[in-house]
Amino acid sequence: MKLEKILDEYFGFPSFRLGQKEIIQSILSHQHTLAMLPTGTGKSLCYQFPAYFFEGSIIIVSPLLSLMQDQVEQMKFQGEKRVIALNSFLTFQERQQVLAKLSHYRFIFLSPEIFNNQSVLSALKKIKIGLFVVDEAHCISQWGYDFRPEYLRLGEFRRALNNPLTLALTATATEKVRKDILHYLELDKVKEWIYTVDRPNIALSIEKMTSQKEKLSKLLHYVQRLEKPGIIYFSSKKIAEEITNYLMENGVSNVATYHADIEQEERILIQQQFLYGELDIICATSAFGMGINKENIRFILHYHLPSQLESYVQEIGRAGRDGKPSIAILLYVEGDEIVHKLWIENELPSNEQIDGYFQYENQLKNKEIIDYLQLSETQQRFLIYIKKRLTNESNLIKSTVAKQIKDDRVKTKYGNLQSMLRWIHSEDCLRKGILSYFDEEMEQIISPCCQQCGFDVTTFFCEQKETRKNDSERSWKDQLKKLFKVEGCQK
DNA sequence: CGTTCGTCCATTAATGGACGAACGGTGCCTTAAT
């Protein structure tokens with residue numbers, strides 16, 4: 001049967017999107033595959049489709065519980081009942097039941113951390129695995145070295161499962177990150193399908209200002225005028241909250257804050273409200289976004305810069321999934337990057353902490369070492385990872401290697417931040433800058449492209465559309481607006 | 001690095017200033033350390 005026919009009959013799509021068919025064919029011919037597709041272009045089909053050709057289960061490694069839950073719900077809604085998220089949301093009894101009949105499930109979503117659980121791992125060993133999928137595979141490189149070390153152990157877990165056929169999916173990976181992905185998944189002989197990171201319908205703009213105050217008024221200016229809905233990104237939870245209040249005080253309604261300290265229930269509520277159009281603007285940290293499948297986001301504003309261009313591309317990529325013109329504006333004041341430098345410096349243990357850790361390891365209890373050296377959770381996880389990786393080596397070697405890895409990591413992260421800053425300060429086309437960071441060249445001329453290529457931000461304003469209307473219509477509309485305090489474009 | 005928070009001590013007992021410490025995004029997993 002032709003693939004298109006199956007696509008139509010089973011999934012209800014008339015045709016494949018860019019890259020999907022090639023990736024699916026590559027999987028169907030049993031080649032390990034690394035696929036890079038632009039944000040929001042239907043990566044999940046790439047593993048859902050082959051599932052119906054394979055015996056055995058499809059394992060999908062996913063970075064977030066909420067993402068797994070969403071995908072499971074969505075697939076159940078589409079009629080696939082043999083799907084489960086194997087994670088800490090399950091009670092002990094539920095987990096036992098699921099593990100007992102694991103081969104029953106066609107799709108098994110799980111986190112990298114769950115492989116640490118011996119009963120889960122041994123249950124997985126007993127079933128036939130048709131495909132091992134790593135979703136958002138750039139997390140291996142982005143988080144594996146410090147924040148979530150289990151991402152670096154996915155190769156080890158793959159080996160434990162007898163090296164199943166593997167598909168790594170991402171939207172943003174430089175050459176270096178792609179190498180990391182293959183290395184840590186222990187893959188060679190890989191078919192790579194790399195498509196552009198570019199999203200032509202998203203116009204790009206950077207505005208440099210000299211004070212935070214100026215930035216604040218610029219933000220309000222844009223928020224009041226740009227077509228909604230939109231997301232505003234911050235590198236501080238506190239400032240995200242403050243600006244939510246500031247916007248509301250200035251007549252912008254339907255705004256909410258989203259960050260890691262917001263209760264789980266509240267976070268789900270905000271996501272839902274945003275999805276269904278009850279909220280227009282989310283003031284968020286980097287916690288917000290993964291798995292947000294909202295078609296009509298019109299703008300992404302950055303009140304603070306992210307720490308690397310990969311993150312920036314991920315974040316702005318949430319705009320314009322419907323293909324309509326959208327805009328990404330980065331507001332920059334010198335010094336905004338300082339907080340990233342601090343995090344780079346402090347998230348991994350210092351040389352003194354590393355030496356101390358391996359020196360006292362045999363003498364003190366773990367908890368005493370942590371207290372004495374004041375190790376953060378990330379720092380502990382890093383050190384435990386090194387310890388496990390070098391089990392048979394002396395403490396001196398462990399200590400030396402740990403310092404080496406830490407130095408490399410700090411250097412890489414500084415480099416990424418520098419690239420971000422170079423891009424901000426460059427006077428070249430912004431799109432070209434992003435593409436060249438991902439070793440791509442501009443192949444087409446896009447209009448509107450970016451503020452370097454010359455475009456008018458006001459074309460993205462609601463007002464612009466309304467001035468086309470005649471005066472009398474406008475005035476009653478304005479009055480109505482005032483009366484009901486309606487913000488945003490009226491369609 | 002730059003802001004905020006808590007403590008201490010001052011003096012027309014209820015503020016206020018000085019000073020140092022703490023903090024700053026992201027998320028799994030809680031039966032996993034010889």
# chains A, B, ... in the order shown; residues from 1 in each chain; ligands from 1

$ interface_residues --of "chain A" --to "chain B" --cutoff "10 Å" --atoms "only C-alpha atoms (C1' of nucleotides)" --output "short mmCIF file (atom, residue, chain, number, x, y, z; two decimals) with all heavy atoms, in the first residue's frame"
data_model
loop_
_atom_site.label_atom_id
_atom_site.label_comp_id
_atom_site.auth_asym_id
_atom_site.auth_seq_id
_atom_site.Cartn_x
_atom_site.Cartn_y
_atom_site.Cartn_z
N PRO A 63 10.96 14.60 27.62
CA PRO A 63 11.56 15.34 28.72
C PRO A 63 10.60 15.78 29.83
O PRO A 63 11.04 16.04 30.94
CB PRO A 63 12.17 16.56 28.04
CG PRO A 63 11.38 16.74 26.79
CD PRO A 63 10.91 15.39 26.38
N LEU A 64 9.30 15.88 29.52
CA LEU A 64 8.38 16.46 30.50
C LEU A 64 7.17 15.57 30.75
O LEU A 64 6.59 15.03 29.81
CB LEU A 64 7.86 17.81 30.01
CG LEU A 64 8.82 18.96 29.90
CD1 LEU A 64 8.15 20.14 29.24
CD2 LEU A 64 9.31 19.35 31.28
N LEU A 65 6.79 15.49 32.02
CA LEU A 65 5.59 14.71 32.36
C LEU A 65 4.36 15.27 31.67
O LEU A 65 3.56 14.53 31.12
CB LEU A 65 5.37 14.73 33.89
CG LEU A 65 6.46 14.11 34.74
CD1 LEU A 65 6.12 14.25 36.22
CD2 LEU A 65 6.67 12.65 34.37
N ASN A 87 5.26 6.80 34.33
CA ASN A 87 5.99 7.80 35.12
C ASN A 87 5.44 7.88 36.54
O ASN A 87 4.60 7.08 36.94
CB ASN A 87 5.93 9.17 34.43
CG ASN A 87 4.50 9.65 34.24
OD1 ASN A 87 3.63 9.38 35.07
ND2 ASN A 87 4.26 10.33 33.13
N SER A 88 5.92 8.86 37.26
CA SER A 88 5.60 8.93 38.69
C SER A 88 4.16 9.35 38.98
O SER A 88 3.76 9.40 40.15
CB SER A 88 6.55 9.91 39.39
OG SER A 88 6.45 11.18 38.79
N SER A 111 10.28 8.99 30.93
CA SER A 111 11.37 9.96 31.11
C SER A 111 12.69 9.20 31.15
O SER A 111 12.70 8.01 31.45
CB SER A 111 11.18 10.72 32.42
OG SER A 111 11.42 9.84 33.50
N PRO A 112 13.81 9.86 30.88
CA PRO A 112 15.10 9.17 30.98
C PRO A 112 15.36 8.65 32.40
O PRO A 112 15.99 7.61 32.57
CB PRO A 112 16.12 10.22 30.60
CG PRO A 112 15.40 11.46 30.23
CD PRO A 112 13.94 11.25 30.41
N GLU A 113 14.85 9.37 33.39
CA GLU A 113 15.14 9.00 34.77
C GLU A 113 14.53 7.65 35.17
O GLU A 113 15.06 6.95 36.04
CB GLU A 113 14.64 10.08 35.74
CG GLU A 113 15.48 11.36 35.76
CD GLU A 113 15.13 12.33 34.64
OE1 GLU A 113 14.24 12.01 33.83
OE2 GLU A 113 15.75 13.42 34.58
N ILE A 114 13.43 7.29 34.52
CA ILE A 114 12.71 6.08 34.94
C ILE A 114 13.54 4.81 34.67
O ILE A 114 13.33 3.78 35.30
CB ILE A 114 11.32 5.99 34.25
CG1 ILE A 114 10.35 5.11 35.06
CG2 ILE A 114 11.41 5.45 32.86
CD1 ILE A 114 9.65 5.85 36.15
N ASN A 116 16.38 4.26 35.62
CA ASN A 116 17.09 3.93 36.86
C ASN A 116 16.35 2.90 37.68
O ASN A 116 16.92 2.23 38.52
CB ASN A 116 17.26 5.18 37.72
CG ASN A 116 18.38 6.07 37.22
OD1 ASN A 116 19.39 5.57 36.73
ND2 ASN A 116 18.19 7.37 37.33
N ASN A 117 15.05 2.82 37.44
CA ASN A 117 14.22 1.91 38.22
C ASN A 117 14.38 0.49 37.66
O ASN A 117 14.02 0.21 36.53
CB ASN A 117 12.77 2.38 38.11
CG ASN A 117 11.86 1.60 39.03
OD1 ASN A 117 11.80 0.38 38.93
ND2 ASN A 117 11.17 2.29 39.90
N GLN A 118 14.92 -0.41 38.51
CA GLN A 118 15.26 -1.75 38.03
C GLN A 118 14.05 -2.54 37.56
O GLN A 118 14.11 -3.28 36.59
CB GLN A 118 16.01 -2.54 39.12
CG GLN A 118 17.44 -2.08 39.33
CD GLN A 118 18.25 -2.03 38.04
OE1 GLN A 118 18.13 -2.90 37.18
NE2 GLN A 118 19.08 -1.00 37.88
N SER A 119 12.92 -2.38 38.27
CA SER A 119 11.75 -3.16 37.87
C SER A 119 11.22 -2.68 36.51
O SER A 119 10.77 -3.49 35.70
CB SER A 119 10.66 -3.12 38.94
OG SER A 119 10.23 -1.80 39.14
N TRP A 143 20.84 19.52 28.51
CA TRP A 143 20.60 19.24 29.92
C TRP A 143 21.47 18.12 30.49
O TRP A 143 21.68 18.04 31.69
CB TRP A 143 19.13 18.84 30.12
CG TRP A 143 18.19 20.00 30.12
CD1 TRP A 143 18.51 21.33 30.19
CD2 TRP A 143 16.75 19.94 30.08
NE1 TRP A 143 17.37 22.09 30.18
CE2 TRP A 143 16.28 21.27 30.12
CE3 TRP A 143 15.82 18.91 30.02
CZ2 TRP A 143 14.93 21.58 30.10
CZ3 TRP A 143 14.48 19.21 29.99
CH2 TRP A 143 14.04 20.54 30.03
N PHE A 147 22.05 19.42 34.39
CA PHE A 147 20.71 19.48 34.97
C PHE A 147 20.06 18.10 35.08
O PHE A 147 19.47 17.76 36.11
CB PHE A 147 19.87 20.42 34.10
CG PHE A 147 18.54 20.76 34.65
CD1 PHE A 147 18.38 21.11 35.98
CD2 PHE A 147 17.42 20.75 33.84
CE1 PHE A 147 17.14 21.44 36.48
CE2 PHE A 147 16.18 21.08 34.32
CZ PHE A 147 16.05 21.42 35.65
N ARG A 148 20.17 17.31 34.03
CA ARG A 148 19.55 15.98 34.05
C ARG A 148 20.50 14.94 33.44
O ARG A 148 20.35 14.55 32.29
CB ARG A 148 18.22 16.03 33.29
CG ARG A 148 17.20 16.92 33.97
CD ARG A 148 15.92 17.02 33.20
NE ARG A 148 15.16 15.77 33.17
CZ ARG A 148 13.97 15.64 32.58
NH1 ARG A 148 13.42 16.66 31.97
NH2 ARG A 148 13.35 14.48 32.60
N GLU A 150 20.83 11.83 33.45
CA GLU A 150 20.33 10.59 32.85
C GLU A 150 20.25 10.71 31.32
O GLU A 150 20.29 9.71 30.62
CB GLU A 150 18.95 10.20 33.40
CG GLU A 150 19.01 9.35 34.66
CD GLU A 150 19.39 10.16 35.88
OE1 GLU A 150 19.39 11.41 35.81
OE2 GLU A 150 19.68 9.54 36.93
N PHE A 234 11.07 35.91 30.04
CA PHE A 234 11.91 36.55 31.05
C PHE A 234 12.94 35.55 31.57
O PHE A 234 12.68 34.35 31.54
CB PHE A 234 11.05 37.00 32.24
CG PHE A 234 9.99 38.01 31.88
CD1 PHE A 234 8.76 37.59 31.39
CD2 PHE A 234 10.24 39.36 32.03
CE1 PHE A 234 7.79 38.52 31.06
CE2 PHE A 234 9.26 40.29 31.71
CZ PHE A 234 8.04 39.88 31.22
N SER A 235 14.05 36.06 32.07
CA SER A 235 14.98 35.15 32.74
C SER A 235 14.86 35.23 34.25
O SER A 235 15.72 34.75 34.97
CB SER A 235 16.42 35.40 32.28
OG SER A 235 16.78 36.74 32.51
N SER A 236 13.79 35.84 34.73
CA SER A 236 13.58 35.91 36.18
C SER A 236 12.10 35.73 36.50
O SER A 236 11.24 36.36 35.89
CB SER A 236 14.08 37.26 36.70
OG SER A 236 13.33 37.68 37.82
N LYS A 237 11.84 34.84 37.46
CA LYS A 237 10.45 34.57 37.85
C LYS A 237 9.82 35.83 38.45
O LYS A 237 8.66 36.15 38.18
CB LYS A 237 10.42 33.44 38.90
CG LYS A 237 10.85 32.10 38.35
CD LYS A 237 10.82 31.01 39.40
CE LYS A 237 12.13 30.93 40.12
NZ LYS A 237 12.33 29.64 40.83
N LYS A 238 10.62 36.51 39.25
CA LYS A 238 10.10 37.67 39.95
C LYS A 238 9.71 38.79 38.98
O LYS A 238 8.63 39.39 39.10
CB LYS A 238 11.16 38.18 40.93
CG LYS A 238 10.57 38.90 42.10
CD LYS A 238 11.62 39.25 43.10
CE LYS A 238 11.29 40.60 43.67
NZ LYS A 238 12.47 41.34 44.08
N HIS A 259 5.73 30.12 35.58
CA HIS A 259 7.12 29.68 35.85
C HIS A 259 7.10 28.49 36.80
O HIS A 259 6.03 28.06 37.24
CB HIS A 259 7.97 30.83 36.40
CG HIS A 259 7.42 31.48 37.63
ND1 HIS A 259 7.29 30.82 38.83
CD2 HIS A 259 6.94 32.74 37.84
CE1 HIS A 259 6.78 31.65 39.73
NE2 HIS A 259 6.54 32.81 39.15
N ALA A 260 8.27 27.99 37.13
CA ALA A 260 8.36 26.71 37.84
C ALA A 260 7.79 26.76 39.26
O ALA A 260 7.44 25.72 39.82
CB ALA A 260 9.81 26.25 37.89
N THR A 285 8.91 32.29 32.16
CA THR A 285 10.32 31.92 32.09
C THR A 285 10.43 30.79 31.08
O THR A 285 9.43 30.40 30.46
CB THR A 285 10.82 31.42 33.46
OG1 THR A 285 10.04 30.27 33.80
CG2 THR A 285 10.70 32.48 34.52
N SER A 286 11.62 30.23 30.97
CA SER A 286 11.83 29.17 29.99
C SER A 286 11.02 27.91 30.33
O SER A 286 10.98 26.97 29.53
CB SER A 286 13.31 28.82 29.89
OG SER A 286 13.79 28.44 31.15
N ALA A 287 10.38 27.90 31.49
CA ALA A 287 9.54 26.75 31.86
C ALA A 287 8.37 26.58 30.91
O ALA A 287 7.84 25.48 30.76
CB ALA A 287 9.01 26.91 33.28
N PHE A 288 7.97 27.67 30.27
CA PHE A 288 6.78 27.63 29.43
C PHE A 288 7.12 27.37 27.97
O PHE A 288 8.00 28.04 27.42
CB PHE A 288 6.02 28.95 29.54
CG PHE A 288 4.69 28.97 28.81
CD1 PHE A 288 3.61 28.28 29.32
CD2 PHE A 288 4.55 29.65 27.62
CE1 PHE A 288 2.38 28.29 28.67
CE2 PHE A 288 3.32 29.66 26.96
CZ PHE A 288 2.24 28.98 27.49
N PRO A 306 17.60 34.67 26.02
CA PRO A 306 17.94 33.35 26.52
C PRO A 306 19.46 33.14 26.46
O PRO A 306 20.17 33.99 25.93
CB PRO A 306 17.21 32.40 25.58
CG PRO A 306 17.02 33.17 24.33
CD PRO A 306 17.00 34.63 24.68
N SER A 307 19.93 32.00 26.97
CA SER A 307 21.38 31.80 27.10
C SER A 307 22.03 31.30 25.83
O SER A 307 23.25 31.23 25.74
CB SER A 307 21.67 30.83 28.24
OG SER A 307 21.11 29.57 27.92
N GLY A 335 23.95 44.19 29.83
CA GLY A 335 23.96 43.63 31.18
C GLY A 335 22.89 42.59 31.41
O GLY A 335 22.94 41.85 32.39
N ILE A 338 24.13 39.13 32.26
CA ILE A 338 24.93 38.82 33.45
C ILE A 338 24.39 37.62 34.22
O ILE A 338 25.14 36.76 34.67
CB ILE A 338 25.02 40.08 34.36
CG1 ILE A 338 25.96 41.10 33.72
CG2 ILE A 338 25.52 39.71 35.75
CD1 ILE A 338 26.00 42.42 34.42
N VAL A 339 23.09 37.55 34.33
CA VAL A 339 22.49 36.46 35.10
C VAL A 339 22.87 35.10 34.50
O VAL A 339 23.11 34.13 35.22
CB VAL A 339 20.96 36.65 35.20
CG1 VAL A 339 20.26 36.39 33.87
CG2 VAL A 339 20.37 35.77 36.28
N HIS A 340 23.00 35.03 33.19
CA HIS A 340 23.39 33.77 32.56
C HIS A 340 24.83 33.41 32.92
O HIS A 340 25.15 32.24 33.14
CB HIS A 340 23.24 33.86 31.04
CG HIS A 340 21.81 33.96 30.60
ND1 HIS A 340 20.90 32.93 30.83
CD2 HIS A 340 21.11 34.93 29.98
CE1 HIS A 340 19.71 33.29 30.34
NE2 HIS A 340 19.82 34.51 29.83
N LYS A 341 25.68 34.44 32.98
CA LYS A 341 27.07 34.18 33.38
C LYS A 341 27.13 33.59 34.79
O LYS A 341 27.89 32.68 35.07
CB LYS A 341 27.89 35.46 33.30
CG LYS A 341 28.10 35.94 31.88
CD LYS A 341 29.05 37.12 31.81
CE LYS A 341 29.23 37.54 30.36
NZ LYS A 341 29.97 38.80 30.21
N LEU A 342 26.29 34.15 35.67
CA LEU A 342 26.27 33.65 37.04
C LEU A 342 25.83 32.19 37.09
O LEU A 342 26.41 31.39 37.80
CB LEU A 342 25.30 34.49 37.87
CG LEU A 342 25.77 35.90 38.11
CD1 LEU A 342 24.66 36.73 38.73
CD2 LEU A 342 26.99 35.89 39.00
N TRP A 343 24.81 31.87 36.31
CA TRP A 343 24.35 30.48 36.30
C TRP A 343 25.42 29.56 35.75
O TRP A 343 25.64 28.47 36.27
CB TRP A 343 23.05 30.36 35.50
CG TRP A 343 21.88 30.98 36.19
CD1 TRP A 343 21.68 31.02 37.55
CD2 TRP A 343 20.77 31.64 35.61
NE1 TRP A 343 20.52 31.67 37.83
CE2 TRP A 343 19.93 32.06 36.67
CE3 TRP A 343 20.38 31.91 34.30
CZ2 TRP A 343 18.72 32.73 36.45
CZ3 TRP A 343 19.19 32.58 34.08
CH2 TRP A 343 18.38 32.98 35.14
N LYS A 365 29.70 10.72 55.66
CA LYS A 365 28.45 10.32 55.03
C LYS A 365 28.08 11.32 53.93
O LYS A 365 28.46 12.48 54.00
CB LYS A 365 27.33 10.28 56.07
CG LYS A 365 27.39 9.05 56.95
CD LYS A 365 26.23 9.06 57.93
CE LYS A 365 26.38 7.90 58.89
NZ LYS A 365 25.61 8.12 60.13
N ASN A 366 27.33 10.85 52.97
CA ASN A 366 26.97 11.68 51.83
C ASN A 366 26.35 13.00 52.26
O ASN A 366 26.68 14.07 51.77
CB ASN A 366 26.02 10.90 50.92
CG ASN A 366 26.05 11.45 49.50
OD1 ASN A 366 27.12 11.79 48.99
ND2 ASN A 366 24.90 11.57 48.89
N ILE A 384 27.71 12.67 41.27
CA ILE A 384 27.29 11.26 41.31
C ILE A 384 27.46 10.62 39.92
O ILE A 384 27.90 9.48 39.79
CB ILE A 384 25.82 11.15 41.79
CG1 ILE A 384 25.75 11.49 43.28
CG2 ILE A 384 25.27 9.74 41.56
CD1 ILE A 384 24.34 11.70 43.82
#

$ residues_around --residues "Ser447 in chain A" --least-positions-apart "5" --cutoff "9 Å" --atoms "only C-alpha atoms (C1' of nucleotides)" --output "JSON, numbers by chain"
{"A": [200, 201, 203, 453, 455]}

$ write_last_selection --atoms "C-alpha atoms" --output "PDB file, in the first residue's frame"
ATOM      1  CA  PRO A 200       9.933  32.222   7.107  1.00  0.00           C
ATOM      2  CA  ASN A 201       6.650  33.581   8.437  1.00  0.00           C
ATOM      3  CA  ALA A 203       9.789  38.328  11.216  1.00  0.00           C
ATOM      4  CA  CYS A 453      16.724  44.056   6.057  1.00  0.00           C
ATOM      5  CA  PHE A 455      10.691  46.178   7.614  1.00  0.00           C
TER       6      PHE A 455
END

$ atom_distance --atom1 "CA of Ser66 in chain A" --atom2 "CA of Ile300 in chain A"
22.0 Å

$ atom_distance --atom1 "CA of Arg318 in chain A" --atom2 "CA of Ile297 in chain A"
7.0 Å

$ select_by_dssp --residues "range 166-341 of chain A" --states "strand (DSSP E)" --output "ChimeraX atom specification"
/A:166-170,190-194,202-209,230-233,255-258,281-284,299-302,326-333

$ decode --residues "range 35-107 of chain A" --atoms "C-alpha atoms" --output "PDB file, in the first residue's frame"
ATOM      1  CA  ALA A  35      15.770  13.922  12.185  1.00  0.00           C
ATOM      2  CA  MET A  36      15.762  17.676  12.494  1.00  0.00           C
ATOM      3  CA  LEU A  37      12.535  19.323  11.448  1.00  0.00           C
ATOM      4  CA  PRO A  38      11.511  22.944  12.017  1.00  0.00           C
ATOM      5  CA  THR A  39       9.539  23.686  15.179  1.00  0.00           C
ATOM      6  CA  GLY A  40       5.912  22.724  14.945  1.00  0.00           C
ATOM      7  CA  THR A  41       5.908  20.645  11.771  1.00  0.00           C
ATOM      8  CA  GLY A  42       4.558  17.358  13.039  1.00  0.00           C
ATOM      9  CA  LYS A  43       7.400  15.306  14.409  1.00  0.00           C
ATOM     10  CA  SER A  44       5.163  12.886  16.290  1.00  0.00           C
ATOM     11  CA  LEU A  45       3.832  11.414  13.054  1.00  0.00           C
ATOM     12  CA  CYS A  46       7.368  10.204  12.361  1.00  0.00           C
ATOM     13  CA  TYR A  47       7.065   7.572  15.093  1.00  0.00           C
ATOM     14  CA  GLN A  48       3.303   7.094  15.141  1.00  0.00           C
ATOM     15  CA  PHE A  49       3.215   6.090  11.506  1.00  0.00           C
ATOM     16  CA  PRO A  50       5.845   3.325  11.549  1.00  0.00           C
ATOM     17  CA  ALA A  51       4.281   1.877  14.710  1.00  0.00           C
ATOM     18  CA  TYR A  52       1.642   0.179  12.614  1.00  0.00           C
ATOM     19  CA  PHE A  53       4.274  -1.602  10.515  1.00  0.00           C
ATOM     20  CA  PHE A  54       6.323  -2.922  13.408  1.00  0.00           C
ATOM     21  CA  GLU A  55       5.843  -5.741  15.796  1.00  0.00           C
ATOM     22  CA  GLY A  56       6.603  -4.702  19.313  1.00  0.00           C
ATOM     23  CA  SER A  57       6.210  -1.514  21.272  1.00  0.00           C
ATOM     24  CA  ILE A  58       7.410   1.993  20.524  1.00  0.00           C
ATOM     25  CA  ILE A  59       9.244   3.607  23.417  1.00  0.00           C
ATOM     26  CA  ILE A  60       9.248   7.389  23.444  1.00  0.00           C
ATOM     27  CA  VAL A  61      11.672   9.164  25.761  1.00  0.00           C
ATOM     28  CA  SER A  62      10.157  12.522  26.588  1.00  0.00           C
ATOM     29  CA  PRO A  63      11.559  15.342  28.724  1.00  0.00           C
ATOM     30  CA  LEU A  64       8.381  16.458  30.502  1.00  0.00           C
ATOM     31  CA  LEU A  65       5.592  14.710  32.364  1.00  0.00           C
ATOM     32  CA  SER A  66       3.033  17.225  31.094  1.00  0.00           C
ATOM     33  CA  LEU A  67       4.206  16.627  27.537  1.00  0.00           C
ATOM     34  CA  MET A  68       3.749  12.864  27.947  1.00  0.00           C
ATOM     35  CA  GLN A  69       0.306  13.275  29.459  1.00  0.00           C
ATOM     36  CA  ASP A  70      -0.749  15.570  26.603  1.00  0.00           C
ATOM     37  CA  GLN A  71       0.474  13.192  23.944  1.00  0.00           C
ATOM     38  CA  VAL A  72      -1.142  10.187  25.605  1.00  0.00           C
ATOM     39  CA  GLU A  73      -4.446  12.037  25.855  1.00  0.00           C
ATOM     40  CA  GLN A  74      -4.226  13.202  22.274  1.00  0.00           C
ATOM     41  CA  MET A  75      -3.537   9.702  20.990  1.00  0.00           C
ATOM     42  CA  LYS A  76      -6.351   8.251  23.064  1.00  0.00           C
ATOM     43  CA  PHE A  77      -8.617  10.916  21.645  1.00  0.00           C
ATOM     44  CA  GLN A  78      -7.571   9.833  18.166  1.00  0.00           C
ATOM     45  CA  GLY A  79      -8.619   6.300  19.020  1.00  0.00           C
ATOM     46  CA  GLU A  80      -5.330   4.653  20.013  1.00  0.00           C
ATOM     47  CA  LYS A  81      -6.017   2.979  23.347  1.00  0.00           C
ATOM     48  CA  ARG A  82      -2.794   1.007  23.705  1.00  0.00           C
ATOM     49  CA  VAL A  83      -0.783   3.939  24.983  1.00  0.00           C
ATOM     50  CA  ILE A  84       0.665   4.666  28.430  1.00  0.00           C
ATOM     51  CA  ALA A  85       2.833   7.233  30.182  1.00  0.00           C
ATOM     52  CA  LEU A  86       5.071   5.244  32.488  1.00  0.00           C
ATOM     53  CA  ASN A  87       5.994   7.797  35.124  1.00  0.00           C
ATOM     54  CA  SER A  88       5.602   8.934  38.691  1.00  0.00           C
ATOM     55  CA  PHE A  89       1.971   9.920  38.160  1.00  0.00           C
ATOM     56  CA  LEU A  90       1.165   6.210  38.447  1.00  0.00           C
ATOM     57  CA  THR A  91       0.630   4.771  41.906  1.00  0.00           C
ATOM     58  CA  PHE A  92       2.721   1.795  42.961  1.00  0.00           C
ATOM     59  CA  GLN A  93      -0.138  -0.606  42.211  1.00  0.00           C
ATOM     60  CA  GLU A  94      -0.871   0.986  38.838  1.00  0.00           C
ATOM     61  CA  ARG A  95       2.753   0.727  37.893  1.00  0.00           C
ATOM     62  CA  GLN A  96       2.885  -2.941  38.873  1.00  0.00           C
ATOM     63  CA  GLN A  97      -0.166  -3.633  36.746  1.00  0.00           C
ATOM     64  CA  VAL A  98       1.243  -1.747  33.764  1.00  0.00           C
ATOM     65  CA  LEU A  99       4.596  -3.521  34.031  1.00  0.00           C
ATOM     66  CA  ALA A 100       2.902  -6.914  34.252  1.00  0.00           C
ATOM     67  CA  LYS A 101       1.267  -6.458  30.854  1.00  0.00           C
ATOM     68  CA  LEU A 102       3.732  -4.053  29.283  1.00  0.00           C
ATOM     69  CA  SER A 103       3.805  -5.741  25.863  1.00  0.00           C
ATOM     70  CA  HIS A 104       0.116  -4.908  25.591  1.00  0.00           C
ATOM     71  CA  TYR A 105       1.017  -1.263  24.943  1.00  0.00           C
ATOM     72  CA  ARG A 106       1.924  -0.074  21.466  1.00  0.00           C
ATOM     73  CA  PHE A 107       3.223   3.295  22.682  1.00  0.00           C
TER      74      PHE A 107
END
